[in-house]
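Reproduced below: upload_37.cif, with mmCIF, C-alpha atoms; chains and numbers go by the auth columns.
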data_final
loop_
_atom_site.group_PDB
_atom_site.id
_atom_site.type_symbol
_atom_site.label_atom_id
_atom_site.label_comp_id
_atom_site.label_asym_id
_atom_site.label_seq_id
_atom_site.Cartn_x
_atom_site.Cartn_y
_atom_site.Cartn_z
_atom_site.B_iso_or_equiv
_atom_site.auth_seq_id
_atom_site.auth_asym_id
ATOM 1 C CA MET A 1 102.626 125.321 118.769 0.00 2 A
ATOM 2 C CA THR A 2 100.305 122.304 119.081 0.00 3 A
ATOM 3 C CA GLN A 3 96.614 123.129 119.384 0.00 4 A
ATOM 4 C CA SER A 4 95.142 121.871 122.671 0.00 5 A
ATOM 5 C CA SER A 5 92.070 119.653 122.329 0.00 6 A
ATOM 6 C CA ASP A 6 90.454 121.721 125.100 0.00 7 A
ATOM 7 C CA ASP A 7 90.158 124.786 122.883 0.00 8 A
ATOM 8 C CA MET A 8 89.789 123.031 119.544 0.00 9 A
ATOM 9 C CA THR A 9 86.852 124.210 117.470 0.00 10 A
ATOM 10 C CA TYR A 10 85.194 122.975 114.287 0.00 11 A
ATOM 11 C CA GLY A 11 86.644 125.861 112.321 0.00 12 A
ATOM 12 C CA ARG A 12 90.176 125.424 113.656 0.00 13 A
ATOM 13 C CA TYR A 13 90.213 121.666 113.143 0.00 14 A
ATOM 14 C CA LEU A 14 89.092 121.991 109.516 0.00 15 A
ATOM 15 C CA ALA A 15 91.184 125.121 108.852 0.00 16 A
ATOM 16 C CA LEU A 16 88.063 126.817 107.551 0.00 17 A
ATOM 17 C CA ASP A 17 89.562 130.303 107.481 0.00 18 A
ATOM 18 C CA PRO A 18 92.103 129.512 104.740 0.00 19 A
ATOM 19 C CA LEU A 19 89.783 127.010 103.056 0.00 20 A
ATOM 20 C CA LEU A 20 86.843 129.408 102.717 0.00 21 A
ATOM 21 C CA SER A 21 89.137 132.284 101.823 0.00 22 A
ATOM 22 C CA ALA A 22 90.643 130.434 98.847 0.00 23 A
ATOM 23 C CA GLN A 23 87.978 131.482 96.326 0.00 24 A
ATOM 24 C CA HIS A 24 88.924 134.610 94.376 0.00 25 A
ATOM 25 C CA PRO A 25 86.545 135.353 91.495 0.00 26 A
ATOM 26 C CA ILE A 26 87.988 137.855 89.052 0.00 27 A
ATOM 27 C CA SER A 27 85.164 138.749 86.729 0.00 28 A
ATOM 28 C CA GLY A 28 82.479 139.893 89.163 0.00 29 A
ATOM 29 C CA ARG A 29 80.058 137.498 87.445 0.00 30 A
ATOM 30 C CA HIS A 30 77.866 135.378 89.705 0.00 31 A
ATOM 31 C CA ASP A 31 78.611 131.989 88.125 0.00 32 A
ATOM 32 C CA GLU A 32 82.385 132.241 88.427 0.00 33 A
ATOM 33 C CA MET A 33 82.153 131.294 92.123 0.00 34 A
ATOM 34 C CA LEU A 34 80.471 127.990 91.222 0.00 35 A
ATOM 35 C CA PHE A 35 83.124 127.285 88.584 0.00 36 A
ATOM 36 C CA ILE A 36 85.921 127.832 91.117 0.00 37 A
ATOM 37 C CA ILE A 37 84.329 125.777 93.902 0.00 38 A
ATOM 38 C CA ILE A 38 83.541 122.839 91.590 0.00 39 A
ATOM 39 C CA HIS A 39 87.163 122.638 90.465 0.00 40 A
ATOM 40 C CA GLN A 40 88.642 123.198 93.926 0.00 41 A
ATOM 41 C CA THR A 41 86.404 120.445 95.291 0.00 42 A
ATOM 42 C CA LYS A 42 87.571 118.160 92.489 0.00 43 A
ATOM 43 C CA GLU A 43 91.190 118.762 93.517 0.00 44 A
ATOM 44 C CA LEU A 44 90.375 117.944 97.153 0.00 45 A
ATOM 45 C CA TRP A 45 88.770 114.659 96.095 0.00 46 A
ATOM 46 C CA LEU A 46 91.770 113.880 93.868 0.00 47 A
ATOM 47 C CA LYS A 47 94.001 114.435 96.893 0.00 48 A
ATOM 48 C CA GLN A 48 91.968 111.855 98.822 0.00 49 A
ATOM 49 C CA ILE A 49 92.079 109.411 95.886 0.00 50 A
ATOM 50 C CA ILE A 50 95.876 109.680 95.779 0.00 51 A
ATOM 51 C CA PHE A 51 96.007 109.161 99.560 0.00 52 A
ATOM 52 C CA GLU A 52 93.876 106.013 99.287 0.00 53 A
ATOM 53 C CA MET A 53 95.706 104.691 96.258 0.00 54 A
ATOM 54 C CA GLU A 54 99.119 105.043 97.900 0.00 55 A
ATOM 55 C CA GLN A 55 97.940 102.797 100.723 0.00 56 A
ATOM 56 C CA ALA A 56 96.253 100.353 98.329 0.00 57 A
ATOM 57 C CA LEU A 57 99.440 100.052 96.264 0.00 58 A
ATOM 58 C CA ALA A 58 101.456 99.297 99.407 0.00 59 A
ATOM 59 C CA LEU A 59 98.951 96.657 100.550 0.00 60 A
ATOM 60 C CA VAL A 60 98.853 94.911 97.169 0.00 61 A
ATOM 61 C CA ARG A 61 102.667 94.855 97.128 0.00 62 A
ATOM 62 C CA GLU A 62 102.503 93.061 100.499 0.00 63 A
ATOM 63 C CA ASP A 63 99.854 90.605 99.201 0.00 64 A
ATOM 64 C CA ALA A 64 97.414 92.053 101.733 0.00 65 A
ATOM 65 C CA LEU A 65 94.618 92.048 99.169 0.00 66 A
ATOM 66 C CA VAL A 66 91.639 91.948 101.526 0.00 67 A
ATOM 67 C CA PRO A 67 92.711 95.074 103.464 0.00 68 A
ATOM 68 C CA ALA A 68 93.261 96.826 100.110 0.00 69 A
ATOM 69 C CA TYR A 69 89.602 96.389 99.129 0.00 70 A
ATOM 70 C CA LYS A 70 88.357 99.122 101.467 0.00 71 A
ATOM 71 C CA GLY A 71 90.482 101.882 99.967 0.00 72 A
ATOM 72 C CA LEU A 72 89.739 100.774 96.408 0.00 73 A
ATOM 73 C CA ALA A 73 86.002 100.721 97.137 0.00 74 A
ATOM 74 C CA ARG A 74 86.286 104.186 98.677 0.00 75 A
ATOM 75 C CA ILE A 75 87.995 105.489 95.548 0.00 76 A
ATOM 76 C CA SER A 76 85.175 104.328 93.284 0.00 77 A
ATOM 77 C CA ARG A 77 82.639 106.023 95.599 0.00 78 A
ATOM 78 C CA ILE A 78 84.631 109.260 95.447 0.00 79 A
ATOM 79 C CA GLN A 79 84.681 108.981 91.664 0.00 80 A
ATOM 80 C CA ALA A 80 80.878 108.692 91.692 0.00 81 A
ATOM 81 C CA VAL A 81 80.600 111.902 93.734 0.00 82 A
ATOM 82 C CA MET A 82 82.953 113.667 91.314 0.00 83 A
ATOM 83 C CA THR A 83 80.788 112.526 88.397 0.00 84 A
ATOM 84 C CA LEU A 84 77.656 113.925 90.061 0.00 85 A
ATOM 85 C CA SER A 85 79.385 117.293 90.405 0.00 86 A
ATOM 86 C CA TRP A 86 79.134 117.751 86.628 0.00 87 A
ATOM 87 C CA ASP A 87 75.345 117.982 87.086 0.00 88 A
ATOM 88 C CA VAL A 88 75.872 120.951 89.391 0.00 89 A
ATOM 89 C CA LEU A 89 78.207 122.624 86.918 0.00 90 A
ATOM 90 C CA ALA A 90 75.679 122.023 84.133 0.00 91 A
ATOM 91 C CA THR A 91 73.319 124.486 85.840 0.00 92 A
ATOM 92 C CA MET A 92 75.676 127.120 84.404 0.00 93 A
ATOM 93 C CA THR A 93 74.444 127.962 80.909 0.00 94 A
ATOM 94 C CA PRO A 94 76.616 128.876 77.910 0.00 95 A
ATOM 95 C CA ALA A 95 75.575 132.493 78.373 0.00 96 A
ATOM 96 C CA ASP A 96 76.664 132.383 82.039 0.00 97 A
ATOM 97 C CA TYR A 97 80.079 130.898 81.205 0.00 98 A
ATOM 98 C CA THR A 98 80.774 133.250 78.313 0.00 99 A
ATOM 99 C CA ARG A 99 80.500 136.221 80.650 0.00 100 A
ATOM 100 C CA PHE A 100 83.617 135.230 82.629 0.00 101 A
ATOM 101 C CA ARG A 101 85.476 132.715 80.430 0.00 102 A
ATOM 102 C CA ASN A 102 88.011 135.347 79.337 0.00 103 A
ATOM 103 C CA VAL A 103 89.474 135.618 82.860 0.00 104 A
ATOM 104 C CA LEU A 104 90.633 131.982 82.720 0.00 105 A
ATOM 105 C CA GLY A 105 93.331 132.961 80.228 0.00 106 A
ATOM 106 C CA THR A 106 95.574 129.995 79.411 0.00 107 A
ATOM 107 C CA SER A 107 94.511 127.961 82.449 0.00 108 A
ATOM 108 C CA SER A 108 92.895 124.605 81.778 0.00 109 A
ATOM 109 C CA GLY A 109 91.819 121.470 83.613 0.00 110 A
ATOM 110 C CA PHE A 110 94.254 119.756 81.254 0.00 111 A
ATOM 111 C CA GLN A 111 96.940 121.135 83.603 0.00 112 A
ATOM 112 C CA SER A 112 95.653 119.347 86.723 0.00 113 A
ATOM 113 C CA ALA A 113 98.765 117.671 88.135 0.00 114 A
ATOM 114 C CA GLN A 114 96.759 115.565 90.577 0.00 115 A
ATOM 115 C CA PHE A 115 94.499 114.178 87.855 0.00 116 A
ATOM 116 C CA ARG A 116 97.539 113.153 85.813 0.00 117 A
ATOM 117 C CA GLN A 117 99.135 111.657 88.919 0.00 118 A
ATOM 118 C CA VAL A 118 96.021 109.535 89.441 0.00 119 A
ATOM 119 C CA GLU A 119 96.133 108.422 85.808 0.00 120 A
ATOM 120 C CA PHE A 120 99.806 107.474 86.180 0.00 121 A
ATOM 121 C CA MET A 121 99.092 105.524 89.374 0.00 122 A
ATOM 122 C CA LEU A 122 96.325 103.630 87.572 0.00 123 A
ATOM 123 C CA GLY A 123 98.693 102.852 84.694 0.00 124 A
ATOM 124 C CA LEU A 124 97.594 105.409 82.079 0.00 125 A
ATOM 125 C CA LYS A 125 101.044 106.875 81.545 0.00 126 A
ATOM 126 C CA ASP A 126 101.860 109.657 79.084 0.00 127 A
ATOM 127 C CA THR A 127 105.079 111.606 79.619 0.00 128 A
ATOM 128 C CA SER A 128 103.804 114.529 77.530 0.00 129 A
ATOM 129 C CA HIS A 129 101.712 115.677 80.498 0.00 130 A
ATOM 130 C CA LEU A 130 104.878 116.540 82.462 0.00 131 A
ATOM 131 C CA LYS A 131 105.442 119.624 80.314 0.00 132 A
ATOM 132 C CA HIS A 132 102.349 121.286 81.726 0.00 133 A
ATOM 133 C CA GLN A 133 104.015 121.650 85.138 0.00 134 A
ATOM 134 C CA ASP A 134 106.947 123.910 86.051 0.00 135 A
ATOM 135 C CA GLU A 135 110.237 122.046 85.778 0.00 136 A
ATOM 136 C CA ASP A 136 111.138 120.276 89.037 0.00 137 A
ATOM 137 C CA SER A 137 108.106 121.760 90.818 0.00 138 A
ATOM 138 C CA PRO A 138 106.520 119.696 93.623 0.00 139 A
ATOM 139 C CA GLU A 139 103.655 118.888 91.243 0.00 140 A
ATOM 140 C CA GLN A 140 105.972 117.622 88.542 0.00 141 A
ATOM 141 C CA GLN A 141 108.019 115.662 91.078 0.00 142 A
ATOM 142 C CA ALA A 142 104.872 113.886 92.309 0.00 143 A
ATOM 143 C CA MET A 143 103.924 113.068 88.726 0.00 144 A
ATOM 144 C CA ARG A 144 107.421 111.750 87.974 0.00 145 A
ATOM 145 C CA ALA A 145 107.341 109.537 91.068 0.00 146 A
ATOM 146 C CA ALA A 146 104.081 107.980 89.875 0.00 147 A
ATOM 147 C CA LEU A 147 105.442 107.696 86.343 0.00 148 A
ATOM 148 C CA ASN A 148 108.565 105.843 87.462 0.00 149 A
ATOM 149 C CA ALA A 149 106.775 103.413 89.783 0.00 150 A
ATOM 150 C CA PRO A 150 104.730 100.292 88.999 0.00 151 A
ATOM 151 C CA SER A 151 101.085 101.198 88.547 0.00 152 A
ATOM 152 C CA LEU A 152 98.149 99.613 90.351 0.00 153 A
ATOM 153 C CA TRP A 153 97.681 97.226 87.416 0.00 154 A
ATOM 154 C CA ASP A 154 101.393 96.371 87.418 0.00 155 A
ATOM 155 C CA GLU A 155 101.199 95.566 91.137 0.00 156 A
ATOM 156 C CA ALA A 156 98.025 93.524 90.654 0.00 157 A
ATOM 157 C CA ASN A 157 99.763 91.439 87.979 0.00 158 A
ATOM 158 C CA ARG A 158 102.794 90.952 90.216 0.00 159 A
ATOM 159 C CA ALA A 159 100.517 89.828 93.058 0.00 160 A
ATOM 160 C CA ALA A 160 98.799 87.404 90.676 0.00 161 A
ATOM 161 C CA ALA A 161 102.185 85.965 89.681 0.00 162 A
ATOM 162 C CA ARG A 162 103.205 85.516 93.322 0.00 163 A
ATOM 163 C CA ALA A 163 99.929 83.673 93.906 0.00 164 A
ATOM 164 C CA GLY A 164 100.820 81.203 91.149 0.00 165 A
ATOM 165 C CA LEU A 165 99.237 82.582 87.978 0.00 166 A
ATOM 166 C CA PRO A 166 101.364 82.409 84.785 0.00 167 A
ATOM 167 C CA ILE A 167 102.055 86.113 84.216 0.00 168 A
ATOM 168 C CA PRO A 168 104.868 86.631 81.643 0.00 169 A
ATOM 169 C CA ASP A 169 108.218 87.906 82.916 0.00 170 A
ATOM 170 C CA ASP A 170 108.197 90.846 80.494 0.00 171 A
ATOM 171 C CA VAL A 171 105.007 92.059 82.180 0.00 172 A
ATOM 172 C CA LEU A 172 106.399 91.667 85.686 0.00 173 A
ATOM 173 C CA GLU A 173 109.608 93.557 84.960 0.00 174 A
ATOM 174 C CA ARG A 174 109.294 96.280 82.352 0.00 175 A
ATOM 175 C CA ASP A 175 109.883 99.988 81.821 0.00 176 A
ATOM 176 C CA TRP A 176 107.321 101.410 84.245 0.00 177 A
ATOM 177 C CA THR A 177 107.371 104.816 82.525 0.00 178 A
ATOM 178 C CA THR A 178 105.794 103.421 79.359 0.00 179 A
ATOM 179 C CA ALA A 179 102.130 102.914 78.695 0.00 180 A
ATOM 180 C CA TYR A 180 100.956 99.387 79.450 0.00 181 A
ATOM 181 C CA THR A 181 100.291 97.175 76.424 0.00 182 A
ATOM 182 C CA PRO A 182 97.533 94.537 76.765 0.00 183 A
ATOM 183 C CA ASN A 183 98.878 90.988 76.824 0.00 184 A
ATOM 184 C CA ALA A 184 96.996 87.851 75.795 0.00 185 A
ATOM 185 C CA ALA A 185 98.733 85.738 78.448 0.00 186 A
ATOM 186 C CA VAL A 186 97.685 88.218 81.156 0.00 187 A
ATOM 187 C CA GLU A 187 94.104 88.028 79.905 0.00 188 A
ATOM 188 C CA ASP A 188 94.196 84.225 80.045 0.00 189 A
ATOM 189 C CA ALA A 189 95.612 84.267 83.576 0.00 190 A
ATOM 190 C CA TRP A 190 92.907 86.563 84.904 0.00 191 A
ATOM 191 C CA ALA A 191 90.244 84.629 82.973 0.00 192 A
ATOM 192 C CA ALA A 192 91.330 81.592 84.997 0.00 193 A
ATOM 193 C CA VAL A 193 90.565 83.594 88.142 0.00 194 A
ATOM 194 C CA TYR A 194 87.026 84.247 86.923 0.00 195 A
ATOM 195 C CA ARG A 195 86.528 80.601 85.962 0.00 196 A
ATOM 196 C CA ASP A 196 87.430 79.375 89.456 0.00 197 A
ATOM 197 C CA THR A 197 86.459 82.166 91.830 0.00 198 A
ATOM 198 C CA GLU A 198 86.577 79.964 94.930 0.00 199 A
ATOM 199 C CA ARG A 199 90.217 79.061 94.366 0.00 200 A
ATOM 200 C CA TRP A 200 91.240 82.623 93.495 0.00 201 A
ATOM 201 C CA TRP A 201 88.698 84.483 95.649 0.00 202 A
ATOM 202 C CA GLU A 202 91.028 87.268 96.844 0.00 203 A
ATOM 203 C CA LEU A 203 92.324 87.994 93.336 0.00 204 A
ATOM 204 C CA TYR A 204 88.764 87.818 91.974 0.00 205 A
ATOM 205 C CA GLN A 205 87.565 90.406 94.471 0.00 206 A
ATOM 206 C CA LEU A 206 90.594 92.588 93.734 0.00 207 A
ATOM 207 C CA ALA A 207 89.812 92.404 90.017 0.00 208 A
ATOM 208 C CA GLU A 208 86.217 93.478 90.561 0.00 209 A
ATOM 209 C CA LYS A 209 87.320 96.435 92.708 0.00 210 A
ATOM 210 C CA LEU A 210 89.620 97.497 89.877 0.00 211 A
ATOM 211 C CA VAL A 211 86.812 97.191 87.333 0.00 212 A
ATOM 212 C CA ASP A 212 84.631 99.340 89.607 0.00 213 A
ATOM 213 C CA MET A 213 87.290 102.070 89.442 0.00 214 A
ATOM 214 C CA ASP A 214 87.709 101.797 85.667 0.00 215 A
ATOM 215 C CA ASP A 215 83.931 101.870 85.233 0.00 216 A
ATOM 216 C CA ALA A 216 83.668 104.954 87.451 0.00 217 A
ATOM 217 C CA MET A 217 86.460 106.694 85.533 0.00 218 A
ATOM 218 C CA ALA A 218 84.681 105.991 82.250 0.00 219 A
ATOM 219 C CA SER A 219 81.455 107.450 83.672 0.00 220 A
ATOM 220 C CA TRP A 220 83.339 110.541 84.868 0.00 221 A
ATOM 221 C CA ARG A 221 84.914 111.054 81.423 0.00 222 A
ATOM 222 C CA HIS A 222 81.569 110.613 79.652 0.00 223 A
ATOM 223 C CA LYS A 223 79.794 113.116 81.893 0.00 224 A
ATOM 224 C CA HIS A 224 82.718 115.532 81.481 0.00 225 A
ATOM 225 C CA VAL A 225 82.332 115.409 77.698 0.00 226 A
ATOM 226 C CA VAL A 226 78.567 115.927 77.845 0.00 227 A
ATOM 227 C CA THR A 227 78.884 118.848 80.262 0.00 228 A
ATOM 228 C CA VAL A 228 81.604 120.590 78.262 0.00 229 A
ATOM 229 C CA GLU A 229 79.628 120.132 75.033 0.00 230 A
ATOM 230 C CA ARG A 230 76.551 121.520 76.761 0.00 231 A
ATOM 231 C CA VAL A 231 78.410 124.620 77.945 0.00 232 A
ATOM 232 C CA ILE A 232 80.832 125.461 75.101 0.00 233 A
ATOM 233 C CA GLY A 233 79.724 123.275 72.197 0.00 234 A
ATOM 234 C CA GLY A 234 82.514 122.688 69.685 0.00 235 A
ATOM 235 C CA LYS A 235 84.680 125.648 70.690 0.00 236 A
ATOM 236 C CA ARG A 236 88.308 125.068 71.652 0.00 237 A
ATOM 237 C CA GLY A 237 89.014 124.677 75.345 0.00 238 A
ATOM 238 C CA THR A 238 90.886 127.219 77.431 0.00 239 A
ATOM 239 C CA GLY A 239 94.644 126.921 77.242 0.00 240 A
ATOM 240 C CA GLY A 240 94.405 125.966 73.573 0.00 241 A
ATOM 241 C CA THR A 241 93.118 122.449 74.153 0.00 242 A
ATOM 242 C CA ALA A 242 90.866 120.849 71.554 0.00 243 A
ATOM 243 C CA GLY A 243 87.864 120.807 73.872 0.00 244 A
ATOM 244 C CA VAL A 244 85.176 118.210 73.188 0.00 245 A
ATOM 245 C CA PRO A 245 87.117 116.282 70.469 0.00 246 A
ATOM 246 C CA TYR A 246 90.026 115.688 72.876 0.00 247 A
ATOM 247 C CA LEU A 247 87.717 114.623 75.696 0.00 248 A
ATOM 248 C CA GLN A 248 85.884 112.234 73.364 0.00 249 A
ATOM 249 C CA SER A 249 89.215 110.635 72.436 0.00 250 A
ATOM 250 C CA THR A 250 89.739 109.639 76.080 0.00 251 A
ATOM 251 C CA LEU A 251 86.460 107.748 76.486 0.00 252 A
ATOM 252 C CA SER A 252 87.902 104.391 75.446 0.00 253 A
ATOM 253 C CA LYS A 253 90.823 104.507 77.909 0.00 254 A
ATOM 254 C CA ARG A 254 90.944 101.550 80.302 0.00 255 A
ATOM 255 C CA ALA A 255 93.500 101.201 83.081 0.00 256 A
ATOM 256 C CA PHE A 256 92.944 97.446 83.451 0.00 257 A
ATOM 257 C CA PRO A 257 92.269 96.334 79.854 0.00 258 A
ATOM 258 C CA GLU A 258 92.466 92.554 80.287 0.00 259 A
ATOM 259 C CA LEU A 259 89.815 92.662 83.018 0.00 260 A
ATOM 260 C CA TRP A 260 87.431 93.920 80.328 0.00 261 A
ATOM 261 C CA SER A 261 88.548 91.770 77.410 0.00 262 A
ATOM 262 C CA LEU A 262 88.534 88.507 79.397 0.00 263 A
ATOM 263 C CA ARG A 263 84.765 88.730 79.703 0.00 264 A
ATOM 264 C CA THR A 264 84.414 87.804 76.048 0.00 265 A
ATOM 265 C CA GLN A 265 86.033 84.406 76.601 0.00 266 A
ATOM 266 C CA LEU A 266 84.062 83.396 79.692 0.00 267 A
#
Show the structure stored in the file as structure tokens.
Amino acid sequence: MTQSSDDMTYGRYLALDPLLSAQHPISGRHDEMLFIIIHQTKELWLKQIIFEMEQALALVREDALVPAYKGLARISRIQAVMTLSWDVLATMTPADYTRFRNVLGTSSGFQSAQFRQVEFMLGLKDTSHLKHQDEDSPEQQAMRAALNAPSLWDEANRAAARAGLPIPDDVLERDWTTAYTPNAAVEDAWAAVYRDTERWWELYQLAEKLVDMDDAMASWRHKHVVTVERVIGGKRGTGGTAGVPYLQSTLSKRAFPELWSLRTQL
């Protein structure tokens, strides 16, 4: 039954009853509530990022680059908010966390299907992450769809080729499930955009929006490492993950590598 606007309330519109009833601390320790809310909020923001990125991908495919800027800019702002949330979590001391860490069992942020879906959509593809989801579950299906489709960087390169830039054919048509390999010809093509911004203004602005997102992701990863090290030190993460050493290994990841490397030749 459709809700009439005449009797719509704030709580009904936002579905606050199920939303505010979705926190179920197990340990009885005060700080577990913060831990749950931080991670649930992160998943809500990831949902919005995916929503924005789906539209941005469609717009770039249609060469509607200017309309795509808004969603891409919104994503980088969301990423900034997510990064700030680590400061809130850092108010939880190692002693606080130790008191309830045992109830997490084998669960781990490493298992976040939405985070991996975002990485896949950006172009950071690693099929090993599929195993952390139940076979053929909705979460795994969403990840597979992103894995099998051209990433945002793939679509940006295809748009650049349609605009007249010399992007190699093996970049434009490749196995989308594999991790992207940086290409010198792609770097040269995008460097040409930066050398003549008036001619390539729409592609130039697109490139800078992508760098904003990569920059924000790097900031998020760095703050994640610092926060985890502050709370658990060098201990292994829940779920058997390596903890800080694994997180540190991700700091150099870039979704749009040639947009960084081209700066050296300008």
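For the pair CA of Gln118 (chain A) and CA of Leu148 (chain A), the interatomic distance is 7.9 Å.
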**OP:** Return as a PyMOL selection string the set of residues that the PyMOL selection byres ((chain A and resi 9-21) around 12) yields on the displayed structure.
**Re:** chain A and resi 3-8+22-25+34+37-38+41-42+45
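Here CA of Ala186 (chain A) is placed at a distance of 20.8 Å from CA of Asp215 (chain A).
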Subject >> Between CA of Gly238 (chain A) and CA of Trp46 (chain A) - distance in Å to one decimal >> reply: 23.0 Å
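Between Ile76 (chain A) and the candidates A:Gln56, A:Thr128, A:Gln206, A:Thr251, the tightest atom-to-atom separation, counting all atoms listed in the file, involves A:Gln56.
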Subject >> Polymer residues at most 12 Å from (92.2, 107.1, 99.6) by only C-alpha atoms, as number ranges by chain >> reply: A: 45-58, 69-80, 119
Report the closest atom pair, with its distance in Å rounded to one decimal, for each residue of region 44-133 of chain A that has an atom no farther than 12 Å from region 162-171 of chain A; count all atoms listed in the file, sort by chain and then rising residue number, and write it as a Markdown table.
| residue | atom | partner | partner_atom | distance |
| --- | --- | --- | --- | --- |
| A:Val61 | CA | A:Arg163 | CA | 11.0 |
| A:Arg62 | CA | A:Arg163 | CA | 10.1 |
| A:Glu63 | CA | A:Arg163 | CA | 10.4 |
| A:Asp64 | CA | A:Arg163 | CA | 8.5 |
| A:Ala65 | CA | A:Ala164 | CA | 11.7 |
| A:Leu66 | CA | A:Ala164 | CA | 11.2 |
Okay, now the selection with C-alpha atoms, as a compact mmCIF listing (two decimals), in the frame of the given file?
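Okay, part_28.txt is ready:
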# COMPACT_ATOMS: atom_id res chain seq x y z
CA VAL A 61 98.85 94.91 97.17
CA ARG A 62 102.67 94.86 97.13
CA GLU A 63 102.50 93.06 100.50
CA ASP A 64 99.85 90.60 99.20
CA ALA A 65 97.41 92.05 101.73
CA LEU A 66 94.62 92.05 99.17
Original post:
Given the choices A:Glu188, A:Glu209, A:Glu174, A:Asp216, which gets closest to Glu259 (chain A) if the distance is worked out from only C-alpha atoms?
Top reply: A:Glu188
Subject >> Exercise: Lys224 (chain A) partners within 12 Å, all atoms listed in the file, chain neighbours under 6 positions left out, as a ChimeraX atom specification >> reply: /A:80-91,217-218,230-231,245,248-249,252
Atoms to include: C-alpha atoms. Write the selected residues as a PDB file, in the frame of the given file.
ATOM      1  CA  GLN A  80      84.681 108.981  91.664  1.00  0.00           C
ATOM      2  CA  ALA A  81      80.878 108.692  91.692  1.00  0.00           C
ATOM      3  CA  VAL A  82      80.600 111.902  93.734  1.00  0.00           C
ATOM      4  CA  MET A  83      82.953 113.667  91.314  1.00  0.00           C
ATOM      5  CA  THR A  84      80.788 112.526  88.397  1.00  0.00           C
ATOM      6  CA  LEU A  85      77.656 113.925  90.061  1.00  0.00           C
ATOM      7  CA  SER A  86      79.385 117.293  90.405  1.00  0.00           C
ATOM      8  CA  TRP A  87      79.134 117.751  86.628  1.00  0.00           C
ATOM      9  CA  ASP A  88      75.345 117.982  87.086  1.00  0.00           C
ATOM     10  CA  VAL A  89      75.872 120.951  89.391  1.00  0.00           C
ATOM     11  CA  LEU A  90      78.207 122.624  86.918  1.00  0.00           C
ATOM     12  CA  ALA A  91      75.679 122.023  84.133  1.00  0.00           C
ATOM     13  CA  ALA A 217      83.668 104.954  87.451  1.00  0.00           C
ATOM     14  CA  MET A 218      86.460 106.694  85.533  1.00  0.00           C
ATOM     15  CA  GLU A 230      79.628 120.132  75.033  1.00  0.00           C
ATOM     16  CA  ARG A 231      76.551 121.520  76.761  1.00  0.00           C
ATOM     17  CA  VAL A 245      85.176 118.210  73.188  1.00  0.00           C
ATOM     18  CA  LEU A 248      87.717 114.623  75.696  1.00  0.00           C
ATOM     19  CA  GLN A 249      85.884 112.234  73.364  1.00  0.00           C
ATOM     20  CA  LEU A 252      86.460 107.748  76.486  1.00  0.00           C
TER      21      LEU A 252
END
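Near Leu267 (chain A), within 8 Å and counting all atoms listed in the file, sit A:Ala192, A:Tyr195, A:Arg196, A:Leu263, not including residues fewer than 4 positions from it in the same chain.
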Once the PyMOL selection byres ((chain A and resi 97) around 10) has been evaluated on this model, what residues remain selected, and can you format them as a short mmCIF file (atom, residue, chain, number, x, y, z; two decimals) with C-alpha atoms, in the coordinates of the input?
data_model
loop_
_atom_site.label_atom_id
_atom_site.label_comp_id
_atom_site.auth_asym_id
_atom_site.auth_seq_id
_atom_site.Cartn_x
_atom_site.Cartn_y
_atom_site.Cartn_z
CA ARG A 30 80.06 137.50 87.44
CA HIS A 31 77.87 135.38 89.70
CA ASP A 32 78.61 131.99 88.12
CA GLU A 33 82.38 132.24 88.43
CA THR A 92 73.32 124.49 85.84
CA MET A 93 75.68 127.12 84.40
CA THR A 94 74.44 127.96 80.91
CA PRO A 95 76.62 128.88 77.91
CA ALA A 96 75.58 132.49 78.37
CA TYR A 98 80.08 130.90 81.20
CA THR A 99 80.77 133.25 78.31
CA ARG A 100 80.50 136.22 80.65
CA PHE A 101 83.62 135.23 82.63
CA ARG A 102 85.48 132.72 80.43
CA VAL A 232 78.41 124.62 77.94
#
How big is the axis-aligned box around all listed atoms of region 229-245 of chain A once 8 Å goes on each side, and where's its centre, in Å to one decimal, as lines of an AutoDock Vina configuration file?
center_x = 85.6
center_y = 122.7
center_z = 74.0
size_x = 34.1
size_y = 25.0
size_z = 24.6
Subject >> Output check: residues returned by the PyMOL selection byres ((chain A and resi 149) around 12), as an MDAnalysis selection string >> reply: chainID A and resid 118 121:122 124 126:128 142:148 150:152 155 175:180
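You can rank A:Lys254, A:Arg200, A:Lys210, A:Lys236 by their closest distance to His223 (chain A) using all atoms listed in the file, and at the top of that list sits A:Lys254.
Considering the residues A:Gly29, A:Pro68, A:Glu44, A:Phe111 and counting only C-alpha atoms, Thr242 (chain A) has its shortest atom-to-atom contact with A:Phe111.
Minimum atom-to-atom distances from A:Leu105, A:Ser262, A:Thr228, A:Ser113 to Lys43 (chain A) were compared using all atoms listed in the file, and the lowest value belongs to A:Ser113.
With distances restricted to all atoms listed in the file, A:Ala190 is the closest residue to Arg159 (chain A) from A:Leu131, A:Ser138, A:Ala190, A:Ala256.
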